[in-house]
Each structure stands twice: as structure tokens, then as C-alpha cells.
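Colleague: Take a look at work-v8.cif, mmCIF, C-alpha atoms and all ligand atoms:
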data_protein
loop_
_atom_site.group_PDB
_atom_site.id
_atom_site.type_symbol
_atom_site.label_atom_id
_atom_site.label_comp_id
_atom_site.auth_asym_id
_atom_site.auth_seq_id
_atom_site.Cartn_x
_atom_site.Cartn_y
_atom_site.Cartn_z
ATOM 1 C CA MET G 1 -14.042 1.269 19.002
ATOM 2 C CA ASN G 2 -13.895 -2.024 17.083
ATOM 3 C CA THR G 3 -11.143 -1.696 14.496
ATOM 4 C CA LEU G 4 -10.410 -4.165 11.741
ATOM 5 C CA ILE G 5 -7.117 -4.087 9.821
ATOM 6 C CA ILE G 6 -7.056 -5.713 6.401
ATOM 7 C CA TYR G 7 -3.362 -6.219 5.709
ATOM 8 C CA ALA G 8 -2.008 -7.232 2.307
ATOM 9 C CA HIS G 9 1.776 -7.578 2.129
ATOM 10 C CA PRO G 10 3.732 -10.808 1.637
ATOM 11 C CA GLU G 11 6.685 -9.857 3.909
ATOM 12 C CA PRO G 12 6.165 -9.396 7.681
ATOM 13 C CA LYS G 13 9.422 -7.348 7.951
ATOM 14 C CA SER G 14 8.295 -4.887 5.260
ATOM 15 C CA PHE G 15 7.433 -1.275 6.011
ATOM 16 C CA ASN G 16 3.780 -2.209 5.498
ATOM 17 C CA GLY G 17 4.301 -4.830 8.192
ATOM 18 C CA ALA G 18 5.759 -2.166 10.499
ATOM 19 C CA LEU G 19 2.753 0.128 9.909
ATOM 20 C CA LYS G 20 0.342 -2.737 10.594
ATOM 21 C CA ASP G 21 2.175 -3.734 13.789
ATOM 22 C CA LEU G 22 2.213 -0.129 14.966
ATOM 23 C CA ALA G 23 -1.535 0.176 14.361
ATOM 24 C CA VAL G 24 -2.254 -2.991 16.352
ATOM 25 C CA SER G 25 -0.140 -1.952 19.344
ATOM 26 C CA GLU G 26 -1.256 1.697 19.422
ATOM 27 C CA LEU G 27 -4.949 0.963 18.987
ATOM 28 C CA GLN G 28 -4.877 -1.721 21.679
ATOM 29 C CA MET G 29 -2.980 0.623 23.978
ATOM 30 C CA LEU G 30 -5.712 3.221 23.422
ATOM 31 C CA GLY G 31 -8.342 0.679 24.500
ATOM 32 C CA HIS G 32 -9.762 -0.217 21.087
ATOM 33 C CA GLN G 33 -10.651 -3.779 20.121
ATOM 34 C CA VAL G 34 -8.510 -4.876 17.176
ATOM 35 C CA GLN G 35 -8.804 -7.718 14.676
ATOM 36 C CA VAL G 36 -6.379 -8.265 11.793
ATOM 37 C CA SER G 37 -6.962 -10.119 8.551
ATOM 38 C CA ASP G 38 -3.393 -10.847 7.407
ATOM 39 C CA LEU G 39 -4.356 -11.991 3.918
ATOM 40 C CA TYR G 40 -1.008 -13.579 2.938
ATOM 41 C CA ALA G 41 -0.619 -15.334 6.308
ATOM 42 C CA MET G 42 -4.186 -16.635 5.910
ATOM 43 C CA ASN G 43 -3.386 -17.721 2.349
ATOM 44 C CA PHE G 44 -6.643 -15.988 1.487
ATOM 45 C CA LYS G 45 -8.154 -17.295 -1.731
ATOM 46 C CA ALA G 46 -8.208 -14.386 -4.172
ATOM 47 C CA VAL G 47 -10.060 -15.997 -7.064
ATOM 48 C CA ALA G 48 -13.836 -15.742 -7.221
ATOM 49 C CA ASP G 49 -15.336 -19.011 -8.450
ATOM 50 C CA GLN G 50 -17.953 -21.746 -7.917
ATOM 51 C CA ASP G 51 -16.321 -22.972 -4.708
ATOM 52 C CA ASP G 52 -17.435 -19.771 -2.955
ATOM 53 C CA PHE G 53 -20.961 -21.141 -2.446
ATOM 54 C CA HIS G 54 -22.403 -24.127 -0.581
ATOM 55 C CA GLN G 55 -25.141 -24.579 -3.131
ATOM 56 C CA ARG G 56 -25.927 -22.901 -6.444
ATOM 57 C CA GLN G 57 -29.217 -21.273 -7.363
ATOM 58 C CA VAL G 58 -28.637 -21.899 -11.072
ATOM 59 C CA GLN G 59 -26.777 -25.054 -12.130
ATOM 60 C CA ASP G 60 -26.265 -24.718 -15.887
ATOM 61 C CA PHE G 61 -24.860 -21.170 -16.110
ATOM 62 C CA PHE G 62 -22.555 -19.655 -13.496
ATOM 63 C CA LYS G 63 -23.266 -16.019 -12.760
ATOM 64 C CA TYR G 64 -21.149 -14.878 -9.820
ATOM 65 C CA GLY G 65 -23.263 -11.885 -8.687
ATOM 66 C CA LEU G 66 -26.491 -13.853 -8.837
ATOM 67 C CA GLU G 67 -24.992 -16.617 -6.693
ATOM 68 C CA GLN G 68 -23.707 -13.992 -4.255
ATOM 69 C CA ASN G 69 -27.248 -12.675 -3.874
ATOM 70 C CA HIS G 70 -28.531 -16.201 -3.341
ATOM 71 C CA ALA G 71 -25.824 -16.961 -0.782
ATOM 72 C CA SER G 72 -26.638 -13.720 1.065
ATOM 73 C CA GLN G 73 -30.252 -14.867 1.408
ATOM 74 C CA THR G 74 -29.467 -18.471 2.341
ATOM 75 C CA SER G 75 -26.278 -18.156 4.457
ATOM 76 C CA GLY G 76 -24.602 -20.004 1.636
ATOM 77 C CA PHE G 77 -21.123 -18.464 1.500
ATOM 78 C CA ALA G 78 -17.939 -20.486 1.920
ATOM 79 C CA GLN G 79 -16.605 -20.191 5.472
ATOM 80 C CA ASP G 80 -13.643 -17.909 4.626
ATOM 81 C CA ILE G 81 -16.008 -15.332 3.069
ATOM 82 C CA LYS G 82 -18.474 -15.574 5.951
ATOM 83 C CA ASP G 83 -15.667 -15.046 8.499
ATOM 84 C CA GLU G 84 -14.556 -11.827 6.762
ATOM 85 C CA GLN G 85 -18.122 -10.549 6.458
ATOM 86 C CA ASP G 86 -18.644 -11.162 10.190
ATOM 87 C CA LYS G 87 -15.503 -9.137 10.941
ATOM 88 C CA LEU G 88 -16.829 -6.269 8.824
ATOM 89 C CA LEU G 89 -20.167 -6.305 10.643
ATOM 90 C CA TRP G 90 -18.295 -6.252 13.957
ATOM 91 C CA ALA G 91 -16.071 -3.315 12.937
ATOM 92 C CA ASP G 92 -16.699 0.404 13.416
ATOM 93 C CA PHE G 93 -13.500 1.390 11.604
ATOM 94 C CA VAL G 94 -11.611 -0.539 8.946
ATOM 95 C CA ILE G 95 -7.984 0.154 7.969
ATOM 96 C CA PHE G 96 -6.651 -1.215 4.686
ATOM 97 C CA GLN G 97 -2.851 -1.529 4.820
ATOM 98 C CA PHE G 98 -1.188 -2.255 1.475
ATOM 99 C CA PRO G 99 1.526 -1.214 -0.996
ATOM 100 C CA LEU G 100 0.364 0.425 -4.212
ATOM 101 C CA TRP G 101 0.728 -2.233 -6.914
ATOM 102 C CA TRP G 102 0.002 -1.259 -10.498
ATOM 103 C CA TYR G 103 -1.935 1.818 -9.407
ATOM 104 C CA SER G 104 -4.160 -0.318 -7.207
ATOM 105 C CA VAL G 105 -4.317 -2.937 -4.474
ATOM 106 C CA PRO G 106 -2.339 -6.215 -4.575
ATOM 107 C CA ALA G 107 -4.360 -8.987 -6.231
ATOM 108 C CA ILE G 108 -4.963 -10.774 -2.944
ATOM 109 C CA LEU G 109 -6.808 -7.713 -1.654
ATOM 110 C CA LYS G 110 -8.711 -7.225 -4.914
ATOM 111 C CA GLY G 111 -9.846 -10.833 -4.577
ATOM 112 C CA TRP G 112 -10.872 -10.154 -0.984
ATOM 113 C CA PHE G 113 -13.095 -7.301 -2.222
ATOM 114 C CA ASP G 114 -14.515 -9.414 -5.072
ATOM 115 C CA ARG G 115 -15.485 -12.251 -2.746
ATOM 116 C CA VAL G 116 -16.303 -10.538 0.565
ATOM 117 C CA PHE G 117 -18.028 -7.332 -0.617
ATOM 118 C CA ALA G 118 -20.780 -9.493 -2.051
ATOM 119 C CA ALA G 119 -24.004 -8.596 -3.819
ATOM 120 C CA GLY G 120 -26.800 -8.919 -1.291
ATOM 121 C CA PHE G 121 -24.322 -8.136 1.495
ATOM 122 C CA VAL G 122 -22.921 -4.688 0.684
ATOM 123 C CA HIS G 123 -25.135 -3.702 -2.255
ATOM 124 C CA GLY G 124 -28.176 -4.883 -4.157
ATOM 125 C CA SER G 125 -31.706 -4.022 -5.193
ATOM 126 C CA GLU G 126 -33.028 -4.463 -1.658
ATOM 127 C CA ILE G 127 -30.093 -2.794 0.091
ATOM 128 C CA GLY G 128 -29.093 0.034 -2.232
ATOM 129 C CA ARG G 129 -25.610 1.443 -2.628
ATOM 130 C CA TYR G 130 -23.434 4.381 -1.624
ATOM 131 C CA GLU G 131 -24.973 5.945 1.504
ATOM 132 C CA HIS G 132 -27.539 3.121 1.619
ATOM 133 C CA GLY G 133 -24.960 0.338 1.208
ATOM 134 C CA GLY G 134 -24.863 -2.613 3.562
ATOM 135 C CA LEU G 135 -21.780 -1.389 5.467
ATOM 136 C CA LYS G 136 -23.206 2.002 6.384
ATOM 137 C CA GLY G 137 -22.292 3.294 9.809
ATOM 138 C CA ARG G 138 -18.645 2.320 9.402
ATOM 139 C CA LYS G 139 -15.578 4.345 8.488
ATOM 140 C CA ALA G 140 -12.663 3.149 6.375
ATOM 141 C CA MET G 141 -9.121 4.398 5.824
ATOM 142 C CA LEU G 142 -6.543 3.414 3.223
ATOM 143 C CA SER G 143 -2.981 3.293 4.530
ATOM 144 C CA VAL G 144 -0.851 3.045 1.412
ATOM 145 C CA THR G 145 2.847 2.977 0.558
ATOM 146 C CA THR G 146 4.195 3.856 -2.866
ATOM 147 C CA GLY G 147 7.399 3.185 -4.773
ATOM 148 C CA ILE G 148 7.461 6.648 -6.312
ATOM 149 C CA ARG G 149 7.835 10.118 -4.819
ATOM 150 C CA GLN G 150 4.891 12.371 -3.949
ATOM 151 C CA GLU G 151 5.467 14.932 -6.734
ATOM 152 C CA ALA G 152 4.598 12.332 -9.375
ATOM 153 C CA PHE G 153 1.117 11.849 -7.867
ATOM 154 C CA THR G 154 -0.043 15.435 -8.339
ATOM 155 C CA PRO G 155 -2.610 16.511 -10.986
ATOM 156 C CA TYR G 156 0.149 17.199 -13.536
ATOM 157 C CA GLY G 157 2.484 14.492 -12.268
ATOM 158 C CA MET G 158 3.435 11.469 -14.320
ATOM 159 C CA GLU G 159 1.459 9.012 -12.157
ATOM 160 C CA GLY G 160 -1.709 11.099 -11.904
ATOM 161 C CA ASP G 161 -3.431 12.668 -8.915
ATOM 162 C CA ILE G 162 -3.348 10.252 -5.993
ATOM 163 C CA HIS G 163 -6.890 11.101 -4.834
ATOM 164 C CA GLU G 164 -8.811 11.623 -8.066
ATOM 165 C CA GLN G 165 -7.034 9.171 -10.354
ATOM 166 C CA ILE G 166 -5.290 6.513 -8.284
ATOM 167 C CA LEU G 167 -7.318 5.912 -5.116
ATOM 168 C CA TYR G 168 -10.742 7.038 -6.389
ATOM 169 C CA HIS G 169 -11.730 3.582 -7.610
ATOM 170 C CA ILE G 170 -11.095 2.175 -4.134
ATOM 171 C CA ASN G 171 -12.402 4.996 -1.946
ATOM 172 C CA HIS G 172 -15.427 5.810 -4.089
ATOM 173 C CA GLY G 173 -15.899 2.712 -6.244
ATOM 174 C CA ILE G 174 -15.597 0.151 -3.443
ATOM 175 C CA LEU G 175 -15.706 1.681 0.053
ATOM 176 C CA TYR G 176 -18.219 4.498 -0.449
ATOM 177 C CA TYR G 177 -20.249 2.225 -2.770
ATOM 178 C CA SER G 178 -20.565 -0.280 0.060
ATOM 179 C CA GLY G 179 -21.987 2.318 2.456
ATOM 180 C CA MET G 180 -18.781 3.009 4.373
ATOM 181 C CA LYS G 181 -17.506 6.529 4.928
ATOM 182 C CA PRO G 182 -13.927 6.763 3.631
ATOM 183 C CA VAL G 183 -11.622 9.145 5.526
ATOM 184 C CA GLU G 184 -8.505 10.823 4.166
ATOM 185 C CA PRO G 185 -5.866 8.159 3.409
ATOM 186 C CA PHE G 186 -2.532 7.851 5.210
ATOM 187 C CA LEU G 187 0.083 8.063 2.473
ATOM 188 C CA VAL G 188 3.690 6.921 2.706
ATOM 189 C CA TRP G 189 5.666 8.104 -0.296
ATOM 190 C CA LYS G 190 8.548 5.848 -1.291
ATOM 191 C CA PRO G 191 9.561 4.531 2.140
ATOM 192 C CA THR G 192 12.841 3.176 0.706
ATOM 193 C CA GLN G 193 14.235 6.742 0.585
ATOM 194 C CA SER G 194 15.810 6.818 4.049
ATOM 195 C CA GLU G 195 15.646 5.459 7.570
ATOM 196 C CA GLU G 196 15.039 8.992 8.840
ATOM 197 C CA LEU G 197 11.993 9.391 6.614
ATOM 198 C CA ARG G 198 10.616 6.021 7.706
ATOM 199 C CA LYS G 199 10.967 7.014 11.373
ATOM 200 C CA GLN G 200 9.055 10.212 10.626
ATOM 201 C CA TYR G 201 6.285 8.259 8.888
ATOM 202 C CA LEU G 202 5.934 5.947 11.899
ATOM 203 C CA THR G 203 5.671 8.982 14.186
ATOM 204 C CA ASP G 204 3.083 10.597 11.890
ATOM 205 C CA TYR G 205 1.067 7.391 11.712
ATOM 206 C CA LYS G 206 1.061 7.098 15.496
ATOM 207 C CA THR G 207 -0.371 10.618 15.695
ATOM 208 C CA ARG G 208 -2.995 9.697 13.088
ATOM 209 C CA LEU G 209 -3.992 6.564 15.035
ATOM 210 C CA HIS G 210 -4.527 8.649 18.162
ATOM 211 C CA GLN G 211 -7.047 10.801 16.264
ATOM 212 C CA LEU G 212 -9.074 8.228 14.327
ATOM 213 C CA ASP G 213 -12.334 9.984 15.173
ATOM 214 C CA GLU G 214 -11.121 13.332 13.846
ATOM 215 C CA ILE G 215 -9.783 12.307 10.440
ATOM 216 C CA PRO G 216 -11.746 14.288 7.829
ATOM 217 C CA LEU G 217 -14.160 12.321 5.673
ATOM 218 C CA ILE G 218 -13.637 12.379 1.926
ATOM 219 C CA SER G 219 -16.511 14.379 0.510
ATOM 220 C CA TYR G 220 -18.544 12.437 -2.065
ATOM 221 C CA HIS G 221 -21.967 13.182 -3.488
ATOM 222 C CA PRO G 222 -24.966 11.230 -2.162
ATOM 223 C CA ASN G 223 -27.318 9.367 -4.544
ATOM 224 C CA GLY G 224 -29.745 12.277 -4.578
ATOM 225 C CA HIS G 225 -27.237 14.592 -6.253
ATOM 226 C CA TYR G 226 -27.428 12.532 -9.473
ATOM 227 C CA ASP G 227 -30.239 12.603 -12.005
ATOM 228 C CA GLU G 228 -31.987 9.607 -13.592
ATOM 229 C CA THR G 229 -29.165 9.275 -16.153
ATOM 230 C CA MET G 230 -26.620 9.087 -13.314
ATOM 231 C CA GLN G 231 -25.231 12.540 -14.155
ATOM 232 C CA LEU G 232 -24.392 14.981 -11.390
ATOM 233 C CA LYS G 233 -27.190 17.537 -11.269
ATOM 234 C CA LYS G 234 -26.130 20.964 -12.511
ATOM 235 C CA GLU G 235 -26.608 22.614 -9.119
ATOM 236 C CA TYR G 236 -23.958 20.340 -7.559
ATOM 237 C CA ARG G 237 -21.266 20.808 -10.214
HETATM 238 C C1 LIG G 301 3.881 -5.735 -8.523
HETATM 239 C C2 LIG G 301 4.291 -4.353 -8.063
HETATM 240 C C3 LIG G 301 3.637 -3.261 -8.597
HETATM 241 C C4 LIG G 301 3.982 -1.966 -8.173
HETATM 242 N N1 LIG G 301 3.283 -0.903 -8.671
HETATM 243 C C5 LIG G 301 3.541 0.334 -8.204
HETATM 244 C C6 LIG G 301 2.785 1.460 -8.655
HETATM 245 O O1 LIG G 301 1.888 1.341 -9.492
HETATM 246 N N2 LIG G 301 3.088 2.685 -8.150
HETATM 247 C C7 LIG G 301 4.074 2.858 -7.216
HETATM 248 O O2 LIG G 301 4.289 3.975 -6.762
HETATM 249 N N3 LIG G 301 4.797 1.803 -6.754
HETATM 250 C C8 LIG G 301 4.553 0.558 -7.222
HETATM 251 N N4 LIG G 301 5.258 -0.514 -6.728
HETATM 252 C C9 LIG G 301 6.246 -0.283 -5.636
HETATM 253 C C10 LIG G 301 5.616 -0.542 -4.250
HETATM 254 O O3 LIG G 301 4.469 0.259 -4.059
HETATM 255 C C11 LIG G 301 6.634 -0.255 -3.152
HETATM 256 O O4 LIG G 301 7.711 -1.124 -3.331
HETATM 257 C C12 LIG G 301 6.044 -0.446 -1.763
HETATM 258 O O5 LIG G 301 4.967 0.434 -1.551
HETATM 259 C C13 LIG G 301 7.078 -0.185 -0.676
HETATM 260 O O6 LIG G 301 6.539 -0.572 0.571
HETATM 261 P P1 LIG G 301 7.080 -1.901 1.303
HETATM 262 O O7 LIG G 301 6.371 -2.076 2.586
HETATM 263 O O8 LIG G 301 7.000 -3.064 0.349
HETATM 264 O O9 LIG G 301 8.568 -1.478 1.533
HETATM 265 P P2 LIG G 301 9.838 -2.360 1.979
HETATM 266 O O10 LIG G 301 10.785 -2.399 0.835
HETATM 267 O O11 LIG G 301 9.401 -3.658 2.555
HETATM 268 O O12 LIG G 301 10.381 -1.485 3.164
HETATM 269 C C14 LIG G 301 11.164 -0.329 2.940
HETATM 270 C C15 LIG G 301 12.223 -0.285 4.003
HETATM 271 O O13 LIG G 301 11.611 -0.135 5.289
HETATM 272 C C16 LIG G 301 12.365 -0.904 6.201
HETATM 273 N N5 LIG G 301 11.607 -1.121 7.441
HETATM 274 C C17 LIG G 301 10.784 -2.140 7.770
HETATM 275 N N6 LIG G 301 10.293 -1.985 9.002
HETATM 276 C C18 LIG G 301 10.814 -0.832 9.486
HETATM 277 C C19 LIG G 301 10.686 -0.129 10.710
HETATM 278 N N7 LIG G 301 9.938 -0.580 11.718
HETATM 279 N N8 LIG G 301 11.348 1.041 10.856
HETATM 280 C C20 LIG G 301 12.096 1.539 9.842
HETATM 281 N N9 LIG G 301 12.291 0.884 8.681
HETATM 282 C C21 LIG G 301 11.649 -0.274 8.487
HETATM 283 C C22 LIG G 301 12.674 -2.154 5.418
HETATM 284 O O14 LIG G 301 13.715 -2.890 5.998
HETATM 285 C C23 LIG G 301 13.057 -1.565 4.067
HETATM 286 O O15 LIG G 301 14.425 -1.215 4.041
HETATM 287 C C24 LIG G 301 4.972 -1.800 -7.181
HETATM 288 C C25 LIG G 301 5.647 -2.925 -6.671
HETATM 289 C C26 LIG G 301 5.305 -4.175 -7.099
HETATM 290 C C27 LIG G 301 6.049 -5.371 -6.516
#
Show me, as C-alpha cells, the structure contained in the file I just sent.
Ligand SMILES: Cc1cc2nc3c(=O)[nH]c(=O)nc-3n(C[C@H](O)[C@H](O)[C@H](O)COP(=O)(O)OP(=O)(O)OC[C@H]3O[C@@H](n4cnc5c(N)ncnc54)[C@H](O)[C@@H]3O)c2cc1C
Modeller:
Amino acid sequence: MNTLIIYAHPEPKSFNGALKDLAVSELQMLGHQVQVSDLYAMNFKAVADQDDFHQRQVQDFFKYGLEQNHASQTSGFAQDIKDEQDKLLWADFVIFQFPLWWYSVPAILKGWFDRVFAAGFVHGSEIGRYEHGGLKGRKAMLSVTTGIRQEAFTPYGMEGDIHEQILYHINHGILYYSGMKPVEPFLVWKPTQSEELRKQYLTDYKTRLHQLDEIPLISYHPNGHYDETMQLKKEYR
């Protein structure tokens, strides 16, 4: 299997770094092909702007999504975007390794999504979205560390439910939207708690990596379950 790891942590010796390194070595040992986008090491540009395109379709008013569509049709993306899009097309399985920052991904990874998951590439009037999205046929998994204990991420916890309130905008709003099939995330709760706990997490992650094909998909509704006002049809509620 071709596996791509998108890694967003500024410190190689961090626990995120350890999880990324473990994934690379285990997956290679299992015979998978592995590529890593180490966004901080690459100094990946996180800001979406005019420099992302070789030539503009419209000169006097900059509309980012419109220029993305144009670049998708004319091979007009800046090289760093094109390189990441090529990696995605190569991949069967994509792992996103990051610490939870402000209930979301670090800005460098948000910028990666803004620039790489482009209109005309992962979604658009000619492609579609969700199960029709441009990255269909691929699976994706979030591997996330937190700074707060698990109990706080339950439905009545102070942080909110990790699946429905914290990770939903990534798993549903970005990955599923793009056509990928998100699988259950690998969650590391507050790895600073103890060395023993960290060792256990590394063991658990190793087990998870050995079973990539068997990780349950997150169940989301397909386009057809929504009516023309984008409401879930009554029979699926
Ligand atoms: C801007 C910002 C926003 C944040 N927002 C949130 C938020 O909204 N919600 C939330 O819950 N948290 C939040 N946090 C906290 C953040 O999620 C955690 O600090 C982070 O997830 C911890 O992971 P780490 O990899 O950075 O840990 P590190 O602190 O890098 O690592 C933890 C420990 O693991 C050790 N370690 C490294 N490698 C190994 C190894 N191979 N074996 C054993 N031990 C090892 C390290 O030495 C260290 O002692 C935020 C933090 C920041 C900076």
C-alpha cells in the first residue's frame, strides 16, 4: 500500500515526532511504500495568496477559489502545491500526525489544506464532493495528541465530544468532503502524563499500524441522504 504521512509538529523529538517515526519504520517493515511531508522541515508555506498560481485568470480581482479552478485546468499551481497533490494521487492511505492546537490542526497544516485541497482538484462543479470528491478511493486517518485528559472530550466534558465537536470539521468537513474515507482516529490523550503511558501508546499505535486495512470507517451520510435544502432526509435521522 502507498502510505503518505502528513506531519505537522515543530520539534522532531516531540511525542508526535516519535509517532511519525514509528509509523515510517513499521509501515516500511510491513512492505508498504511510505512518503512523509514534514511540513515544518519543508518550511511549507501556510498562507494562501496570489503566489500560488503561475498565471491568473482574472487580473483585477483576486478570488482564490476561482484561481484554484483555473490552475487545476491549466496545470498552473505553484510547484510546492503540485508536489503535494501528486503525493495525494499516489497515496492509498494518508495519515495526518499532529497535536491538537486550539481544537484543530496547527496553522501550517490548515494552510496545507487550504492550498493543496484545491477547488477543481478535490471538489468542484465538474467533480462533485463527498463520495464523488476528487480523492475518492483513498482512506485517511487522523493521529492526534492532546494536552488534556480523555474525560474532558466526552459529550458532557468541558472540551466537547472529540468525534462530533472537535474532529468533525476535519474528518467530515475536509477529508470526507474531498472524497476520502476517514477511518477512526488514533488518539493520544495528554502524552505528558507519564513515560509508562507513552510506552503504552507507542505499543498501541504499532498494533494499529499493523491493521491499517481493518480500521473501521467513520460512518457518514452520502449525498443522496440529503434533500434539496441540504437537510438530512427524515428516513435517515
Ligand atoms: C498553540 C497551542 C494550542 C493548543 N491547543 C490545545 C487544545 O485546544 N486542546 C488540547 O487538548 N491541547 C492543546 N494544546 C496542547 C497540545 O495539544 C499538546 O501539548 C500536544 O498534543 C502534546 O504532544 P507533543 O508531541 O507536543 O508532546 P511533547 O511535549 O513533545 O512530548 C511529550 C513527552 O513525550 C516524550 N517523548 C518523545 N518521544 C518519546 C518516545 N519515543 N518515547 C517516550 N516518550 C517520548 C517527550 O520527551 C516529552 O516528555 C495546545 C498547545 C499549543 C502549543
Colleague: To one decimal place in Å, what is the distance between atom CA of G:Lys110 and atom CA of G:Thr207?
Modeller: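 If I compute the distance from atom CA of G:Lys110 to atom CA of G:Thr207, I get 28.5 Å.
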Colleague: Quick one: of G:Glu159, G:Asp51, G:Glu67, G:Glu228, who's nearest to G:Ala119, counting all atoms listed in the file?
Modeller: G:Glu67
Colleague: Take atom CA of G:Leu100 and atom CA of G:Leu88 and report the distance between them in Å, one decimal.
Modeller: 22.6 Å
Colleague: Write out as a VMD selection string the residues lying within 6 Å of G:Phe93, counting only C-alpha atoms and excluding same-chain residues fewer than 6 positions away.
Modeller: chain G and resid 3 138 to 140
Colleague: Please define a box with edges along x, y and z of the file around all atoms of stretch 31-44 of chain G given in the file, extend it by 6 Å on each side, and return its centre and edge lengths in Å to one decimal, as lines of an AutoDock Vina configuration file.
Modeller:
center_x = -5.6
center_y = -8.5
center_z = 13.0
size_x = 22.0
size_y = 30.4
size_z = 35.0
Colleague: For ligand LIG 301 (chain G), which of G:His172, G:Lys190, G:Lys136, G:Arg237 is the closest residue, counting only C-alpha atoms and all ligand atoms?
Modeller: G:Lys190
Colleague: So that I can see what lies close to G:Asp161, please list as a PyMOL selection string the residues with an atom at most 12 Å from it, counting all atoms listed in the file and leaving out residues fewer than 6 positions away in the same chain.
Modeller: chain G and resi 103+150-155+167-168
Colleague: Find the residues of chain G that sit at most 7 Å from ligand LIG 301 (chain G); for each, write down the nearest two atoms and how far apart they are in Å, to one decimal. Count all atoms listed in the file. Sort by chain, then by number going up, and give it as JSON lines.
Modeller:
{"residue": "G:Glu11", "atom": "CA", "partner": "G:LIG301", "partner_atom": "O11", "distance": 6.9}
{"residue": "G:Lys13", "atom": "CA", "partner": "G:LIG301", "partner_atom": "C17", "distance": 5.4}
{"residue": "G:Ser14", "atom": "CA", "partner": "G:LIG301", "partner_atom": "O11", "distance": 3.2}
{"residue": "G:Phe15", "atom": "CA", "partner": "G:LIG301", "partner_atom": "O7", "distance": 3.7}
{"residue": "G:Asn16", "atom": "CA", "partner": "G:LIG301", "partner_atom": "O7", "distance": 3.9}
{"residue": "G:Gly17", "atom": "CA", "partner": "G:LIG301", "partner_atom": "O7", "distance": 6.6}
{"residue": "G:Ala18", "atom": "CA", "partner": "G:LIG301", "partner_atom": "N7", "distance": 4.6}
{"residue": "G:Pro99", "atom": "CA", "partner": "G:LIG301", "partner_atom": "O5", "distance": 3.9}
{"residue": "G:Leu100", "atom": "CA", "partner": "G:LIG301", "partner_atom": "O3", "distance": 4.1}
{"residue": "G:Trp101", "atom": "CA", "partner": "G:LIG301", "partner_atom": "N1", "distance": 3.4}
{"residue": "G:Trp102", "atom": "CA", "partner": "G:LIG301", "partner_atom": "O1", "distance": 3.4}
{"residue": "G:Tyr103", "atom": "CA", "partner": "G:LIG301", "partner_atom": "O1", "distance": 3.9}
{"residue": "G:Ser104", "atom": "CA", "partner": "G:LIG301", "partner_atom": "O1", "distance": 6.7}
{"residue": "G:Thr145", "atom": "CA", "partner": "G:LIG301", "partner_atom": "O5", "distance": 3.9}
{"residue": "G:Thr146", "atom": "CA", "partner": "G:LIG301", "partner_atom": "O5", "distance": 3.7}
{"residue": "G:Gly147", "atom": "CA", "partner": "G:LIG301", "partner_atom": "N3", "distance": 3.6}
{"residue": "G:Ile148", "atom": "CA", "partner": "G:LIG301", "partner_atom": "O2", "distance": 4.2}
{"residue": "G:Lys190", "atom": "CA", "partner": "G:LIG301", "partner_atom": "C13", "distance": 6.2}
{"residue": "G:Pro191", "atom": "CA", "partner": "G:LIG301", "partner_atom": "C14", "distance": 5.2}
{"residue": "G:Thr192", "atom": "CA", "partner": "G:LIG301", "partner_atom": "C14", "distance": 4.5}
{"residue": "G:Glu195", "atom": "CA", "partner": "G:LIG301", "partner_atom": "C20", "distance": 5.8}
{"residue": "G:Arg198", "atom": "CA", "partner": "G:LIG301", "partner_atom": "C20", "distance": 5.2}
{"residue": "G:Lys199", "atom": "CA", "partner": "G:LIG301", "partner_atom": "C20", "distance": 5.8}
Colleague: On this structure, which residues satisfy the PyMOL selection byres (((chain G and resi 75-87) around 10) and not hetatm), written as a PyMOL selection string?
Modeller: chain G and resi 2-6+35-37+42+44-45+50-56+67-74+88-92+94+112+115-118+121-122+135
Colleague: Evaluate the PyMOL selection byres (((chain G and resi 186) around 9) and not hetatm) and record the selected residues as a PyMOL selection string, following the chain and residue labels used in the document.
Modeller: chain G and resi 141-145+184-185+187-188+205+208
Colleague: Please, which residues are within 12 Å of (-24.3, -4.1, -4.0) by the file's coordinates, counting only C-alpha atoms, and could they come as an MDAnalysis selection string?
Modeller: chainID G and resid 65:66 68:69 72 113:114 116:135 173:179
Colleague: Interatomic distance between atom CA of G:Asn43 and atom CA of G:Lys20?
Modeller: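 Atom CA of G:Lys20 lies at a distance of 17.5 Å from atom CA of G:Asn43.
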Colleague: So which residues touch G:Gly111 within 7 Å, counting all atoms listed in the file, skipping near sequence neighbours fewer than 4 positions away, as a VMD selection string?
Modeller: chain G and resid 46 to 48 107 115
Colleague: Please list as an NGL selection string every residue within 12 Å of G:Leu232, counting only C-alpha atoms and excluding residues in the same chain fewer than 5 positions away.
Modeller: :G and (220-227 or 237)
Colleague: Go ahead and save the picked residues with C-alpha atoms, as a PDB file, keeping the file's coordinate frame.
Modeller:
ATOM      1  CA  TYR G 220     -18.544  12.437  -2.065  1.00  0.00           C
ATOM      2  CA  HIS G 221     -21.967  13.182  -3.488  1.00  0.00           C
ATOM      3  CA  PRO G 222     -24.966  11.230  -2.162  1.00  0.00           C
ATOM      4  CA  ASN G 223     -27.318   9.367  -4.544  1.00  0.00           C
ATOM      5  CA  GLY G 224     -29.745  12.277  -4.578  1.00  0.00           C
ATOM      6  CA  HIS G 225     -27.237  14.592  -6.253  1.00  0.00           C
ATOM      7  CA  TYR G 226     -27.428  12.532  -9.473  1.00  0.00           C
ATOM      8  CA  ASP G 227     -30.239  12.603 -12.005  1.00  0.00           C
ATOM      9  CA  ARG G 237     -21.266  20.808 -10.214  1.00  0.00           C
TER      10      ARG G 237
END
